[in-house]
$ cat protein_35.pdb   # PDB, C-alpha atoms and all ligand atoms
ATOM      1  CA  MET A   1     -26.233  -6.585 -16.816
ATOM      2  CA  VAL A   2     -28.618  -7.933 -14.201
ATOM      3  CA  LEU A   3     -29.561  -5.564 -11.394
ATOM      4  CA  PHE A   4     -30.484  -6.758  -7.894
ATOM      5  CA  LYS A   5     -31.836  -4.797  -4.969
ATOM      6  CA  LYS A   6     -32.517  -7.686  -2.606
ATOM      7  CA  ALA A   7     -29.723  -9.691  -0.993
ATOM      8  CA  ALA A   8     -31.735 -12.937  -1.063
ATOM      9  CA  ASP A   9     -32.363 -12.656  -4.819
ATOM     10  CA  LEU A  10     -28.709 -11.963  -5.542
ATOM     11  CA  ARG A  11     -27.635 -14.853  -3.343
ATOM     12  CA  ASN A  12     -29.929 -17.292  -5.198
ATOM     13  CA  TYR A  13     -28.710 -16.064  -8.556
ATOM     14  CA  LEU A  14     -25.047 -16.412  -7.566
ATOM     15  CA  ASP A  15     -25.589 -19.839  -5.954
ATOM     16  CA  ALA A  16     -26.790 -21.150  -9.308
ATOM     17  CA  LYS A  17     -23.805 -19.635 -11.140
ATOM     18  CA  ARG A  18     -21.402 -21.067  -8.583
ATOM     19  CA  LYS A  19     -22.953 -24.532  -8.978
ATOM     20  CA  ASN A  20     -22.130 -24.281 -12.677
ATOM     21  CA  GLY A  21     -18.488 -23.789 -11.725
ATOM     22  CA  MET A  22     -18.359 -20.067 -12.411
ATOM     23  CA  SER A  23     -15.770 -18.007 -10.525
ATOM     24  CA  ILE A  24     -17.017 -14.733  -9.098
ATOM     25  CA  GLY A  25     -15.144 -11.426  -8.965
ATOM     26  CA  PHE A  26     -16.497  -8.689  -6.707
ATOM     27  CA  VAL A  27     -15.993  -4.916  -6.827
ATOM     28  CA  PRO A  28     -17.641  -3.114  -3.898
ATOM     29  CA  THR A  29     -18.118   0.641  -4.425
ATOM     30  CA  MET A  30     -20.024   3.646  -3.145
ATOM     31  CA  GLY A  31     -20.974   4.714  -6.668
ATOM     32  CA  ALA A  32     -20.233   8.019  -8.453
ATOM     33  CA  LEU A  33     -18.130   5.741 -10.603
ATOM     34  CA  HIS A  34     -15.030   6.898 -12.465
ATOM     35  CA  ALA A  35     -12.367   5.202 -14.561
ATOM     36  CA  GLY A  36     -10.608   3.963 -11.388
ATOM     37  CA  HIS A  37     -13.665   1.923 -10.415
ATOM     38  CA  LEU A  38     -14.081   0.723 -13.991
ATOM     39  CA  SER A  39     -10.468  -0.510 -14.054
ATOM     40  CA  LEU A  40     -11.390  -2.830 -11.166
ATOM     41  CA  ILE A  41     -14.375  -4.117 -13.162
ATOM     42  CA  ALA A  42     -12.066  -4.672 -16.163
ATOM     43  CA  ALA A  43      -9.555  -6.604 -14.010
ATOM     44  CA  SER A  44     -12.333  -8.793 -12.636
ATOM     45  CA  LYS A  45     -13.760  -9.451 -16.091
ATOM     46  CA  LYS A  46     -10.363 -10.591 -17.280
ATOM     47  CA  GLU A  47      -9.762 -13.006 -14.420
ATOM     48  CA  THR A  48     -13.179 -14.353 -13.364
ATOM     49  CA  GLY A  49     -16.283 -15.783 -15.001
ATOM     50  CA  LEU A  50     -18.791 -13.386 -13.464
ATOM     51  CA  THR A  51     -18.247  -9.850 -12.213
ATOM     52  CA  VAL A  52     -20.434  -8.392  -9.482
ATOM     53  CA  CYS A  53     -20.312  -4.684  -8.628
ATOM     54  CA  SER A  54     -22.122  -3.208  -5.635
ATOM     55  CA  ILE A  55     -23.103   0.403  -5.072
ATOM     56  CA  PHE A  56     -23.924   1.276  -1.489
ATOM     57  CA  ILE A  57     -23.086   4.503   0.302
ATOM     58  CA  ASN A  58     -22.382   2.946   3.646
ATOM     59  CA  PRO A  59     -23.576   5.224   6.468
ATOM     60  CA  THR A  60     -21.557   3.427   9.168
ATOM     61  CA  GLN A  61     -18.201   4.372   7.655
ATOM     62  CA  PHE A  62     -18.811   8.131   7.645
ATOM     63  CA  ASN A  63     -17.540   9.803  10.783
ATOM     64  CA  ASP A  64     -18.534  13.198   9.326
ATOM     65  CA  PRO A  65     -22.309  13.564   8.696
ATOM     66  CA  VAL A  66     -21.745  16.394   6.184
ATOM     67  CA  ASP A  67     -19.450  14.172   4.132
ATOM     68  CA  PHE A  68     -22.220  11.540   4.075
ATOM     69  CA  GLN A  69     -24.920  14.032   3.070
ATOM     70  CA  LYS A  70     -22.760  15.493   0.310
ATOM     71  CA  TYR A  71     -21.442  12.209  -1.041
ATOM     72  CA  PRO A  72     -22.170  12.324  -4.797
ATOM     73  CA  VAL A  73     -24.968  10.106  -6.122
ATOM     74  CA  THR A  74     -24.992   9.452  -9.883
ATOM     75  CA  THR A  75     -26.879   6.159 -10.100
ATOM     76  CA  GLU A  76     -28.169   6.493 -13.672
ATOM     77  CA  GLU A  77     -24.740   7.376 -15.043
ATOM     78  CA  ASP A  78     -23.222   4.550 -12.993
ATOM     79  CA  ILE A  79     -25.615   1.995 -14.476
ATOM     80  CA  LEU A  80     -24.743   3.243 -17.955
ATOM     81  CA  SER A  81     -20.979   3.015 -17.296
ATOM     82  CA  LEU A  82     -21.275  -0.478 -15.847
ATOM     83  CA  THR A  83     -23.383  -1.627 -18.791
ATOM     84  CA  GLN A  84     -20.797  -0.251 -21.227
ATOM     85  CA  GLN A  85     -18.081  -2.009 -19.247
ATOM     86  CA  GLN A  86     -20.094  -5.233 -19.573
ATOM     87  CA  CYS A  87     -20.285  -5.756 -15.838
ATOM     88  CA  ASP A  88     -22.463  -8.847 -15.294
ATOM     89  CA  VAL A  89     -24.278  -8.046 -12.061
ATOM     90  CA  LEU A  90     -25.018  -4.852 -10.150
ATOM     91  CA  PHE A  91     -26.216  -4.949  -6.550
ATOM     92  CA  ILE A  92     -27.834  -1.747  -5.267
ATOM     93  CA  PRO A  93     -29.252  -2.539  -1.853
ATOM     94  CA  ASP A  94     -30.998  -0.098   0.418
ATOM     95  CA  ALA A  95     -29.753   0.314   3.991
ATOM     96  CA  GLY A  96     -32.299  -2.189   5.347
ATOM     97  CA  GLU A  97     -30.807  -4.965   3.199
ATOM     98  CA  ILE A  98     -27.337  -4.409   4.606
ATOM     99  CA  TYR A  99     -28.289  -3.510   8.168
ATOM    100  CA  PRO A 100     -31.521  -5.395   8.896
ATOM    101  CA  ASP A 101     -31.386  -4.656  12.629
ATOM    102  CA  GLU A 102     -29.526  -2.697  15.288
ATOM    103  CA  MET A 103     -27.327  -5.679  16.093
ATOM    104  CA  SER A 104     -25.910  -5.793  12.587
ATOM    105  CA  MET A 105     -24.534  -2.267  13.132
ATOM    106  CA  LYS A 106     -22.890  -3.109  16.434
ATOM    107  CA  GLN A 107     -20.411  -5.777  15.455
ATOM    108  CA  ARG A 108     -16.837  -4.878  16.428
ATOM    109  CA  TYR A 109     -13.695  -6.061  14.693
ATOM    110  CA  PRO A 110     -10.390  -6.233  16.599
ATOM    111  CA  LEU A 111      -8.227  -4.397  14.082
ATOM    112  CA  GLY A 112      -5.615  -3.374  16.635
ATOM    113  CA  ARG A 113      -2.997  -0.816  15.618
ATOM    114  CA  LEU A 114      -4.274  -0.700  12.046
ATOM    115  CA  GLU A 115      -7.236   1.423  13.064
ATOM    116  CA  GLU A 116      -5.267   3.646  15.406
ATOM    117  CA  VAL A 117      -2.973   5.110  12.755
ATOM    118  CA  LEU A 118      -3.465   7.418   9.753
ATOM    119  CA  GLU A 119      -7.096   7.281   8.565
ATOM    120  CA  GLY A 120      -8.060   5.386  11.702
ATOM    121  CA  LYS A 121      -6.745   8.196  13.879
ATOM    122  CA  PHE A 122      -8.368  11.007  11.910
ATOM    123  CA  ARG A 123     -11.636   9.187  11.153
ATOM    124  CA  PRO A 124     -12.597   7.382  14.366
ATOM    125  CA  GLY A 125     -14.888   4.429  13.714
ATOM    126  CA  HIS A 126     -14.396   4.620   9.949
ATOM    127  CA  PHE A 127     -12.736   1.228   9.558
ATOM    128  CA  GLN A 128     -15.265  -0.489  11.820
ATOM    129  CA  GLY A 129     -17.915   0.752   9.378
ATOM    130  CA  VAL A 130     -15.864  -0.458   6.412
ATOM    131  CA  CYS A 131     -15.556  -3.899   8.033
ATOM    132  CA  MET A 132     -19.291  -4.063   8.791
ATOM    133  CA  VAL A 133     -20.297  -3.394   5.217
ATOM    134  CA  VAL A 134     -17.614  -5.517   3.561
ATOM    135  CA  HIS A 135     -18.335  -8.439   5.912
ATOM    136  CA  ARG A 136     -22.036  -8.276   5.047
ATOM    137  CA  LEU A 137     -21.338  -7.956   1.314
ATOM    138  CA  LEU A 138     -18.941 -10.925   1.426
ATOM    139  CA  ASP A 139     -21.621 -13.001   3.149
ATOM    140  CA  ILE A 140     -24.022 -12.173   0.340
ATOM    141  CA  VAL A 141     -21.719 -12.371  -2.691
ATOM    142  CA  GLN A 142     -19.184 -14.993  -1.515
ATOM    143  CA  PRO A 143     -16.726 -14.064  -4.252
ATOM    144  CA  ASP A 144     -13.567 -15.880  -5.250
ATOM    145  CA  ILE A 145     -11.657 -12.651  -5.820
ATOM    146  CA  LEU A 146     -12.236  -9.275  -4.193
ATOM    147  CA  TYR A 147     -10.940  -6.313  -6.229
ATOM    148  CA  LEU A 148      -9.707  -3.263  -4.318
ATOM    149  CA  GLY A 149      -7.897  -0.069  -5.284
ATOM    150  CA  GLN A 150      -4.466   0.890  -3.987
ATOM    151  CA  LYS A 151      -5.866   4.427  -3.736
ATOM    152  CA  ASP A 152      -7.291   3.351  -0.361
ATOM    153  CA  TYR A 153      -4.083   1.748   0.813
ATOM    154  CA  GLN A 154      -4.931   1.387   4.499
ATOM    155  CA  GLN A 155      -8.401   0.106   3.613
ATOM    156  CA  CYS A 156      -6.759  -2.721   1.644
ATOM    157  CA  LYS A 157      -4.830  -3.707   4.770
ATOM    158  CA  VAL A 158      -7.946  -3.469   6.934
ATOM    159  CA  ILE A 159      -9.928  -5.666   4.545
ATOM    160  CA  ALA A 160      -7.102  -8.223   4.439
ATOM    161  CA  SER A 161      -7.291  -8.283   8.229
ATOM    162  CA  LEU A 162     -11.100  -8.608   8.090
ATOM    163  CA  LEU A 163     -10.751 -11.668   5.838
ATOM    164  CA  GLU A 164      -8.487 -13.304   8.411
ATOM    165  CA  LEU A 165     -10.738 -12.374  11.327
ATOM    166  CA  THR A 166     -13.819 -13.813   9.627
ATOM    167  CA  GLY A 167     -12.214 -16.864   7.987
ATOM    168  CA  PHE A 168     -13.021 -15.508   4.525
ATOM    169  CA  ASP A 169      -9.291 -15.639   3.780
ATOM    170  CA  LYS A 170      -9.772 -19.364   3.106
ATOM    171  CA  SER A 171     -12.134 -18.767   0.184
ATOM    172  CA  VAL A 172     -11.506 -15.196  -1.006
ATOM    173  CA  SER A 173      -8.318 -13.710  -2.432
ATOM    174  CA  ILE A 174      -7.667  -9.994  -2.726
ATOM    175  CA  LYS A 175      -6.376  -8.280  -5.859
ATOM    176  CA  ILE A 176      -5.121  -4.745  -5.397
ATOM    177  CA  CYS A 177      -5.321  -2.648  -8.554
ATOM    178  CA  PRO A 178      -3.143   0.414  -9.239
ATOM    179  CA  THR A 179      -4.448   3.921  -8.587
ATOM    180  CA  LEU A 180      -5.820   5.546 -11.724
ATOM    181  CA  ARG A 181      -4.974   9.234 -12.029
ATOM    182  CA  GLU A 182      -6.125  12.294 -13.943
ATOM    183  CA  PRO A 183      -3.612  13.676 -16.474
ATOM    184  CA  ASP A 184      -2.229  16.112 -13.846
ATOM    185  CA  GLY A 185      -1.657  13.254 -11.384
ATOM    186  CA  LEU A 186      -4.672  13.735  -9.112
ATOM    187  CA  ALA A 187      -5.908  10.314  -7.990
ATOM    188  CA  MET A 188      -9.383   9.718  -9.361
ATOM    189  CA  SER A 189     -11.972   9.860  -6.592
ATOM    190  CA  SER A 190     -15.725  10.275  -6.331
ATOM    191  CA  ARG A 191     -15.061  13.197  -3.986
ATOM    192  CA  ASN A 192     -13.176  15.089  -6.733
ATOM    193  CA  ARG A 193     -16.620  15.988  -8.128
ATOM    194  CA  ARG A 194     -17.130  18.182  -5.077
ATOM    195  CA  LEU A 195     -14.078  20.344  -5.825
ATOM    196  CA  ASN A 196     -14.791  23.721  -7.414
ATOM    197  CA  GLU A 197     -12.792  24.842 -10.438
ATOM    198  CA  LYS A 198     -10.154  26.684  -8.396
ATOM    199  CA  GLU A 199      -9.730  23.805  -5.959
ATOM    200  CA  ARG A 200      -9.542  21.274  -8.773
ATOM    201  CA  LYS A 201      -6.577  23.178 -10.275
ATOM    202  CA  LYS A 202      -4.706  22.952  -6.967
ATOM    203  CA  ALA A 203      -5.681  19.400  -6.072
ATOM    204  CA  ALA A 204      -2.836  17.601  -7.862
ATOM    205  CA  ALA A 205      -0.417  19.159  -5.340
ATOM    206  CA  ILE A 206      -1.159  16.167  -3.108
ATOM    207  CA  PHE A 207       0.324  13.850  -5.756
ATOM    208  CA  ARG A 208       3.281  16.187  -6.337
ATOM    209  CA  ALA A 209       4.022  16.293  -2.598
ATOM    210  CA  LEU A 210       4.112  12.488  -2.485
ATOM    211  CA  GLN A 211       6.237  12.402  -5.626
ATOM    212  CA  TYR A 212       8.642  14.826  -3.969
ATOM    213  CA  ILE A 213       9.006  12.379  -1.098
ATOM    214  CA  ARG A 214       9.538   9.455  -3.459
ATOM    215  CA  GLU A 215      12.159  11.281  -5.520
ATOM    216  CA  ASN A 216      14.135  12.526  -2.522
ATOM    217  CA  ILE A 217      13.809   9.584  -0.177
ATOM    218  CA  ASN A 218      17.542   8.837  -0.260
ATOM    219  CA  ARG A 219      18.626  12.476  -0.149
ATOM    220  CA  GLU A 220      16.971  14.067   2.879
ATOM    221  CA  PRO A 221      15.976  12.989   6.384
ATOM    222  CA  LEU A 222      12.404  11.683   6.365
ATOM    223  CA  SER A 223      11.186  14.275   8.873
ATOM    224  CA  GLN A 224      12.429  17.040   6.574
ATOM    225  CA  LEU A 225      10.770  15.417   3.558
ATOM    226  CA  LYS A 226       7.451  15.301   5.393
ATOM    227  CA  GLU A 227       7.771  18.942   6.425
ATOM    228  CA  THR A 228       8.516  20.042   2.868
ATOM    229  CA  ALA A 229       5.621  17.988   1.520
ATOM    230  CA  ALA A 230       3.260  19.528   4.092
ATOM    231  CA  ARG A 231       4.460  23.000   3.132
ATOM    232  CA  MET A 232       3.846  22.244  -0.552
ATOM    233  CA  LEU A 233       0.232  21.481   0.327
ATOM    234  CA  GLU A 234      -0.283  24.358   2.731
ATOM    235  CA  GLU A 235       1.018  26.805   0.124
ATOM    236  CA  LYS A 236      -1.844  25.685  -2.122
ATOM    237  CA  GLY A 237      -4.381  26.185   0.643
ATOM    238  CA  PHE A 238      -4.685  22.577   1.845
ATOM    239  CA  ARG A 239      -5.321  21.809   5.516
ATOM    240  CA  VAL A 240      -3.156  18.765   6.157
ATOM    241  CA  ASP A 241      -4.389  15.891   8.353
ATOM    242  CA  TYR A 242      -1.224  13.865   7.907
ATOM    243  CA  ILE A 243       1.750  13.184   5.702
ATOM    244  CA  SER A 244       3.330   9.959   6.736
ATOM    245  CA  ILE A 245       6.136   7.673   5.654
ATOM    246  CA  ALA A 246       5.474   4.190   6.906
ATOM    247  CA  ASP A 247       6.390   0.564   6.678
ATOM    248  CA  ALA A 248       4.192  -0.594   3.777
ATOM    249  CA  ALA A 249       3.087  -3.766   5.577
ATOM    250  CA  ALA A 250       2.209  -2.676   9.115
ATOM    251  CA  LEU A 251       1.697   1.030   8.325
ATOM    252  CA  GLU A 252       3.761   2.069  11.323
ATOM    253  CA  GLU A 253       5.259   5.509  10.749
ATOM    254  CA  THR A 254       9.041   5.673  10.509
ATOM    255  CA  ASP A 255      11.556   8.512  10.704
ATOM    256  CA  VAL A 256      14.367   6.438   9.268
ATOM    257  CA  LEU A 257      14.751   4.418   6.085
ATOM    258  CA  LEU A 258      13.884   0.775   6.588
ATOM    259  CA  PRO A 259      16.366  -1.281   4.594
ATOM    260  CA  ASP A 260      14.836  -4.481   3.166
ATOM    261  CA  LYS A 261      11.321  -3.242   3.824
ATOM    262  CA  LYS A 262       8.879  -1.738   1.388
ATOM    263  CA  MET A 263       7.782   1.724   2.471
ATOM    264  CA  VAL A 264       4.828   3.895   1.536
ATOM    265  CA  ALA A 265       4.143   7.630   1.690
ATOM    266  CA  LEU A 266       0.557   8.529   2.525
ATOM    267  CA  ALA A 267      -1.259  11.840   2.716
ATOM    268  CA  ALA A 268      -4.667  13.135   3.716
ATOM    269  CA  ALA A 269      -5.619  16.788   3.427
ATOM    270  CA  TYR A 270      -8.624  19.030   3.042
ATOM    271  CA  LEU A 271      -9.093  21.367   0.142
ATOM    272  CA  GLY A 272     -12.040  23.520   1.217
ATOM    273  CA  GLN A 273     -14.661  21.052   2.478
ATOM    274  CA  VAL A 274     -13.291  18.101   0.541
ATOM    275  CA  ARG A 275     -10.917  15.622   2.124
ATOM    276  CA  LEU A 276      -8.517  13.942  -0.297
ATOM    277  CA  ILE A 277      -6.213  10.989   0.320
ATOM    278  CA  ASP A 278      -3.427   9.515  -1.761
ATOM    279  CA  ASN A 279      -0.344   7.326  -1.397
ATOM    280  CA  LEU A 280       2.754   6.212  -3.276
ATOM    281  CA  ILE A 281       4.896   3.152  -2.754
ATOM    282  CA  LEU A 282       8.532   4.175  -2.202
ATOM    283  CA  GLU A 283      10.822   1.885  -4.116
TER     284      GLU A 283
HETATM  285  P1  LIG A 301     -15.211   3.841  -3.324
HETATM  286  O1  LIG A 301     -16.389   3.914  -4.239
HETATM  287  O2  LIG A 301     -14.482   5.128  -3.181
HETATM  288  O3  LIG A 301     -15.551   3.169  -2.015
HETATM  289  O4  LIG A 301     -14.156   2.881  -4.046
HETATM  290  C1  LIG A 301     -14.483   1.584  -4.450
HETATM  291  C2  LIG A 301     -13.225   0.863  -4.840
HETATM  292  O5  LIG A 301     -12.601   1.552  -5.926
HETATM  293  C3  LIG A 301     -12.194   0.801  -3.712
HETATM  294  O6  LIG A 301     -11.557  -0.464  -3.716
HETATM  295  C4  LIG A 301     -11.243   1.905  -4.080
HETATM  296  O7  LIG A 301      -9.936   1.731  -3.558
HETATM  297  C5  LIG A 301     -11.242   1.806  -5.598
HETATM  298  N1  LIG A 301     -10.787   3.068  -6.183
HETATM  299  C6  LIG A 301     -11.182   4.320  -5.838
HETATM  300  N2  LIG A 301     -10.490   5.235  -6.547
HETATM  301  C7  LIG A 301      -9.631   4.550  -7.341
HETATM  302  C8  LIG A 301      -8.636   4.938  -8.298
HETATM  303  N3  LIG A 301      -8.377   6.214  -8.564
HETATM  304  N4  LIG A 301      -7.954   3.969  -8.934
HETATM  305  C9  LIG A 301      -8.194   2.645  -8.661
HETATM  306  N5  LIG A 301      -9.121   2.229  -7.772
HETATM  307  C10 LIG A 301      -9.822   3.163  -7.118
END

$ encode --input "protein_35.pdb" --output "structure tokens"
Amino acid sequence: MVLFKKAADLRNYLDAKRKNGMSIGFVPTMGALHAGHLSLIAASKKETGLTVCSIFINPTQFNDPVDFQKYPVTTEEDILSLTQQQCDVLFIPDAGEIYPDEMSMKQRYPLGRLEEVLEGKFRPGHFQGVCMVVHRLLDIVQPDILYLGQKDYQQCKVIASLLELTGFDKSVSIKICPTLREPDGLAMSSRNRRLNEKERKKAAAIFRALQYIRENINREPLSQLKETAARMLEEKGFRVDYISIADAAALEETDVLLPDKKMVALAAAYLGQVRLIDNLILE
């Protein structure tokens, strides 16, 4: 694996590969890698000629400074995992490489309703930060395929919208990979490392609450399903931000079944200081 810290060096390296006709797969991450991240690397390795992973804890997407300070950093382990996974290129920029000046942190993206609902509502500014960093990384890497996890369902929609807004949709396609879970169902997440032993035992309740919604979607009114799911979490000591059942495309919340439309159940809740999110597609 080749490691780059400077955007210009990475760009030169990738330009040469591209000239040789190599297709490039890109997996942007914030590090503290787990099997979920590595599944994205594996998907890219299968489908493209060269896989680039980036690790950058993006300050502009954290609306909570404590969350930023406490975000786990495990760079040495990450490098080892990526090497074992035979990732081709790792990009670990510092903040100056991504945000060279004030202006680069001020760009605004017209995301419309997408950033007013769910995560956008509870984490103001979060998706603008996501767009800033992904836009900059796309400029540098110019991949053919961008690999994202369904775990961050709304983020996938936001990034699809970013590609359209920036014209990258003409050269980059998105592949959304399934959410990898722990044996008890908890979605793998870098933030799970911050759960203490007691919290970790309770954490899978978020998956069970979503499963409850999926299993009973045709049996109970949606408002009742959401209430029951919230209660399931609160009983375990979660503080719920939202439990939502929405149209899977536009992410607009619905209180009635939408025939002919795919729907998704999404949840965000705190366990102690740690905020967890998860989602399930409702067939
Ligand atoms: P992060 O490091 O949390 O920014 O995540 C980097 C990428 O990995 C994003 O596209 C995430 O959606 C994806 N990802 C995170 N957790 C999982 C998981 N459990 N399964 C699959 N992909 C994931």

$ closest_residue --input "protein_35.pdb" --among "A:Gln211, A:Ser171, A:Ser190, A:Gln273" --to "ligand LIG 301 (chain A)" --atoms "only C-alpha atoms and all ligand atoms"
A:Ser190

$ residues_around --input "protein_35.pdb" --residues "stretch 110-123 of chain A" --least-positions-apart "3" --cutoff "9 Å" --atoms "all atoms listed in the file" --output "MDAnalysis selection string"
chainID A and resid 61:64 126:128 154:155 157:158 161:162 165 241:244 250:253 266:268

$ write_last_selection --input "protein_35.pdb" --atoms "C-alpha atoms" --output "PDB file, keeping the file's coordinate frame"
ATOM      1  CA  GLN A  61     -18.201   4.372   7.655  1.00  0.00           C
ATOM      2  CA  PHE A  62     -18.811   8.131   7.645  1.00  0.00           C
ATOM      3  CA  ASN A  63     -17.540   9.803  10.783  1.00  0.00           C
ATOM      4  CA  ASP A  64     -18.534  13.198   9.326  1.00  0.00           C
ATOM      5  CA  HIS A 126     -14.396   4.620   9.949  1.00  0.00           C
ATOM      6  CA  PHE A 127     -12.736   1.228   9.558  1.00  0.00           C
ATOM      7  CA  GLN A 128     -15.265  -0.489  11.820  1.00  0.00           C
ATOM      8  CA  GLN A 154      -4.931   1.387   4.499  1.00  0.00           C
ATOM      9  CA  GLN A 155      -8.401   0.106   3.613  1.00  0.00           C
ATOM     10  CA  LYS A 157      -4.830  -3.707   4.770  1.00  0.00           C
ATOM     11  CA  VAL A 158      -7.946  -3.469   6.934  1.00  0.00           C
ATOM     12  CA  SER A 161      -7.291  -8.283   8.229  1.00  0.00           C
ATOM     13  CA  LEU A 162     -11.100  -8.608   8.090  1.00  0.00           C
ATOM     14  CA  LEU A 165     -10.738 -12.374  11.327  1.00  0.00           C
ATOM     15  CA  ASP A 241      -4.389  15.891   8.353  1.00  0.00           C
ATOM     16  CA  TYR A 242      -1.224  13.865   7.907  1.00  0.00           C
ATOM     17  CA  ILE A 243       1.750  13.184   5.702  1.00  0.00           C
ATOM     18  CA  SER A 244       3.330   9.959   6.736  1.00  0.00           C
ATOM     19  CA  ALA A 250       2.209  -2.676   9.115  1.00  0.00           C
ATOM     20  CA  LEU A 251       1.697   1.030   8.325  1.00  0.00           C
ATOM     21  CA  GLU A 252       3.761   2.069  11.323  1.00  0.00           C
ATOM     22  CA  GLU A 253       5.259   5.509  10.749  1.00  0.00           C
ATOM     23  CA  LEU A 266       0.557   8.529   2.525  1.00  0.00           C
ATOM     24  CA  ALA A 267      -1.259  11.840   2.716  1.00  0.00           C
ATOM     25  CA  ALA A 268      -4.667  13.135   3.716  1.00  0.00           C
TER      26      ALA A 268
END

$ residues_around --input "protein_35.pdb" --residues "A:Asp255" --least-positions-apart "2" --cutoff "9 Å" --atoms "only C-alpha atoms" --output "list in words"
Pro221, Leu222, Ser223, Ile245, Ala246, Glu253 and Leu257 of chain A

$ write_last_selection --input "protein_35.pdb" --atoms "C-alpha atoms" --output "CSV table (one decimal), in the frame of the given file"
chain,number,residue,atom,x,y,z
A,221,PRO,CA,16.0,13.0,6.4
A,222,LEU,CA,12.4,11.7,6.4
A,223,SER,CA,11.2,14.3,8.9
A,245,ILE,CA,6.1,7.7,5.7
A,246,ALA,CA,5.5,4.2,6.9
A,253,GLU,CA,5.3,5.5,10.7
A,257,LEU,CA,14.8,4.4,6.1

$ residues_near_ligand --input "protein_35.pdb" --ligand "ligand LIG 301 (chain A)" --cutoff "7 Å" --atoms "all atoms listed in the file" --output "list in words"
Val27, Pro28, Thr29, Met30, Gly31, Leu33, Gly36, His37, Ser39, Leu40, Tyr147, Leu148, Gly149, Gln150, Lys151, Asp152, Cys177, Pro178, Thr179, Leu180, Arg181, Ala187, Met188, Ser189 and Ser190 of chain A

$ closest_residue --input "protein_35.pdb" --among "A:Ile206, A:Pro124, A:Leu280, A:Val274" --to "A:Phe68" --atoms "all atoms listed in the file"
A:Val274

$ atom_distance --input "protein_35.pdb" --atom1 "atom CA of A:Ala248" --atom2 "atom CA of A:Arg208"
19.6 Å

$ closest_residue --input "protein_35.pdb" --among "A:Gln86, A:Asp101, A:Val256, A:Ala35" --to "A:Arg219" --atoms "only C-alpha atoms"
A:Val256

$ residues_around --input "protein_35.pdb" --residues "A:Leu271" --least-positions-apart "3" --cutoff "9 Å" --atoms "all atoms listed in the file" --output "NGL selection string"
:A and (195 or 199-200 or 202-203 or 236-240 or 274-276)

$ closest_residue --input "protein_35.pdb" --among "A:Asp78, A:Asp139, A:Asp9, A:Glu197" --to "A:Leu38" --atoms "all atoms listed in the file"
A:Asp78

$ axis_aligned_box --input "protein_35.pdb" --around "stretch 163-174 of chain A" --padding-each-side "6 Å" --output "lines of an AutoDock Vina configuration file"
center_x = -10.7
center_y = -14.7
center_z = 4.3
size_x = 18.2
size_y = 21.4
size_z = 26.1

$ resolve_selection --input "protein_35.pdb" --expression "the PyMOL selection byres (((chain A and resi 93) around 9) and not hetatm)" --output "PDB file with C-alpha atoms, in the frame of the given file"
ATOM      1  CA  PHE A   4     -30.484  -6.758  -7.894  1.00  0.00           C
ATOM      2  CA  LYS A   5     -31.836  -4.797  -4.969  1.00  0.00           C
ATOM      3  CA  LYS A   6     -32.517  -7.686  -2.606  1.00  0.00           C
ATOM      4  CA  ALA A   7     -29.723  -9.691  -0.993  1.00  0.00           C
ATOM      5  CA  SER A  54     -22.122  -3.208  -5.635  1.00  0.00           C
ATOM      6  CA  ILE A  55     -23.103   0.403  -5.072  1.00  0.00           C
ATOM      7  CA  PHE A  56     -23.924   1.276  -1.489  1.00  0.00           C
ATOM      8  CA  PHE A  91     -26.216  -4.949  -6.550  1.00  0.00           C
ATOM      9  CA  ILE A  92     -27.834  -1.747  -5.267  1.00  0.00           C
ATOM     10  CA  ASP A  94     -30.998  -0.098   0.418  1.00  0.00           C
ATOM     11  CA  ALA A  95     -29.753   0.314   3.991  1.00  0.00           C
ATOM     12  CA  GLY A  96     -32.299  -2.189   5.347  1.00  0.00           C
ATOM     13  CA  GLU A  97     -30.807  -4.965   3.199  1.00  0.00           C
ATOM     14  CA  ILE A  98     -27.337  -4.409   4.606  1.00  0.00           C
TER      15      ILE A  98
END

$ residues_around --input "protein_35.pdb" --residues "A:Met232" --least-positions-apart "4" --cutoff "8 Å" --atoms "only C-alpha atoms" --output "list in words"
Ala205, Ala209, Thr228 and Lys236 of chain A

$ atom_distance --input "protein_35.pdb" --atom1 "atom CA of A:Gly21" --atom2 "atom CA of A:Val172"
15.4 Å

$ resolve_selection --input "protein_35.pdb" --expression "the PyMOL selection byres (((chain A and resi 17) around 12) and not hetatm)" --output "MDAnalysis selection string"
chainID A and resid 10:16 18:24 49:52 88:89 141:143

$ closest_residue --input "protein_35.pdb" --among "A:Leu3, A:Leu90, A:Leu210, A:Val133" --to "A:Cys53" --atoms "all atoms listed in the file"
A:Leu90

$ atom_distance --input "protein_35.pdb" --atom1 "atom CA of A:Glu77" --atom2 "atom CA of A:Tyr153"
26.6 Å

$ decode --input "protein_35.pdb" --residues "stretch 138-152 of chain A" --atoms "C-alpha atoms" --output "JSON list (two decimals), in the first residue's frame"
[["chain", "number", "residue", "atom", "x", "y", "z"],
["A", 138, "LEU", "CA", -13.53, 13.95, -5.20],
["A", 139, "ASP", "CA", -11.54, 16.80, -6.74],
["A", 140, "ILE", "CA", -8.34, 15.16, -5.56],
["A", 141, "VAL", "CA", -9.10, 11.49, -6.22],
["A", 142, "GLN", "CA", -11.47, 11.75, -9.21],
["A", 143, "PRO", "CA", -12.66, 8.17, -8.78],
["A", 144, "ASP", "CA", -14.80, 6.13, -11.13],
["A", 145, "ILE", "CA", -16.75, 4.55, -8.30],
["A", 146, "LEU", "CA", -17.42, 5.96, -4.84],
["A", 147, "TYR", "CA", -18.17, 3.31, -2.19],
["A", 148, "LEU", "CA", -20.54, 4.27, 0.64],
["A", 149, "GLY", "CA", -22.23, 2.36, 3.45],
["A", 150, "GLN", "CA", -25.99, 2.05, 3.82],
["A", 151, "LYS", "CA", -25.37, 2.53, 7.56],
["A", 152, "ASP", "CA", -25.35, 6.28, 6.81]]
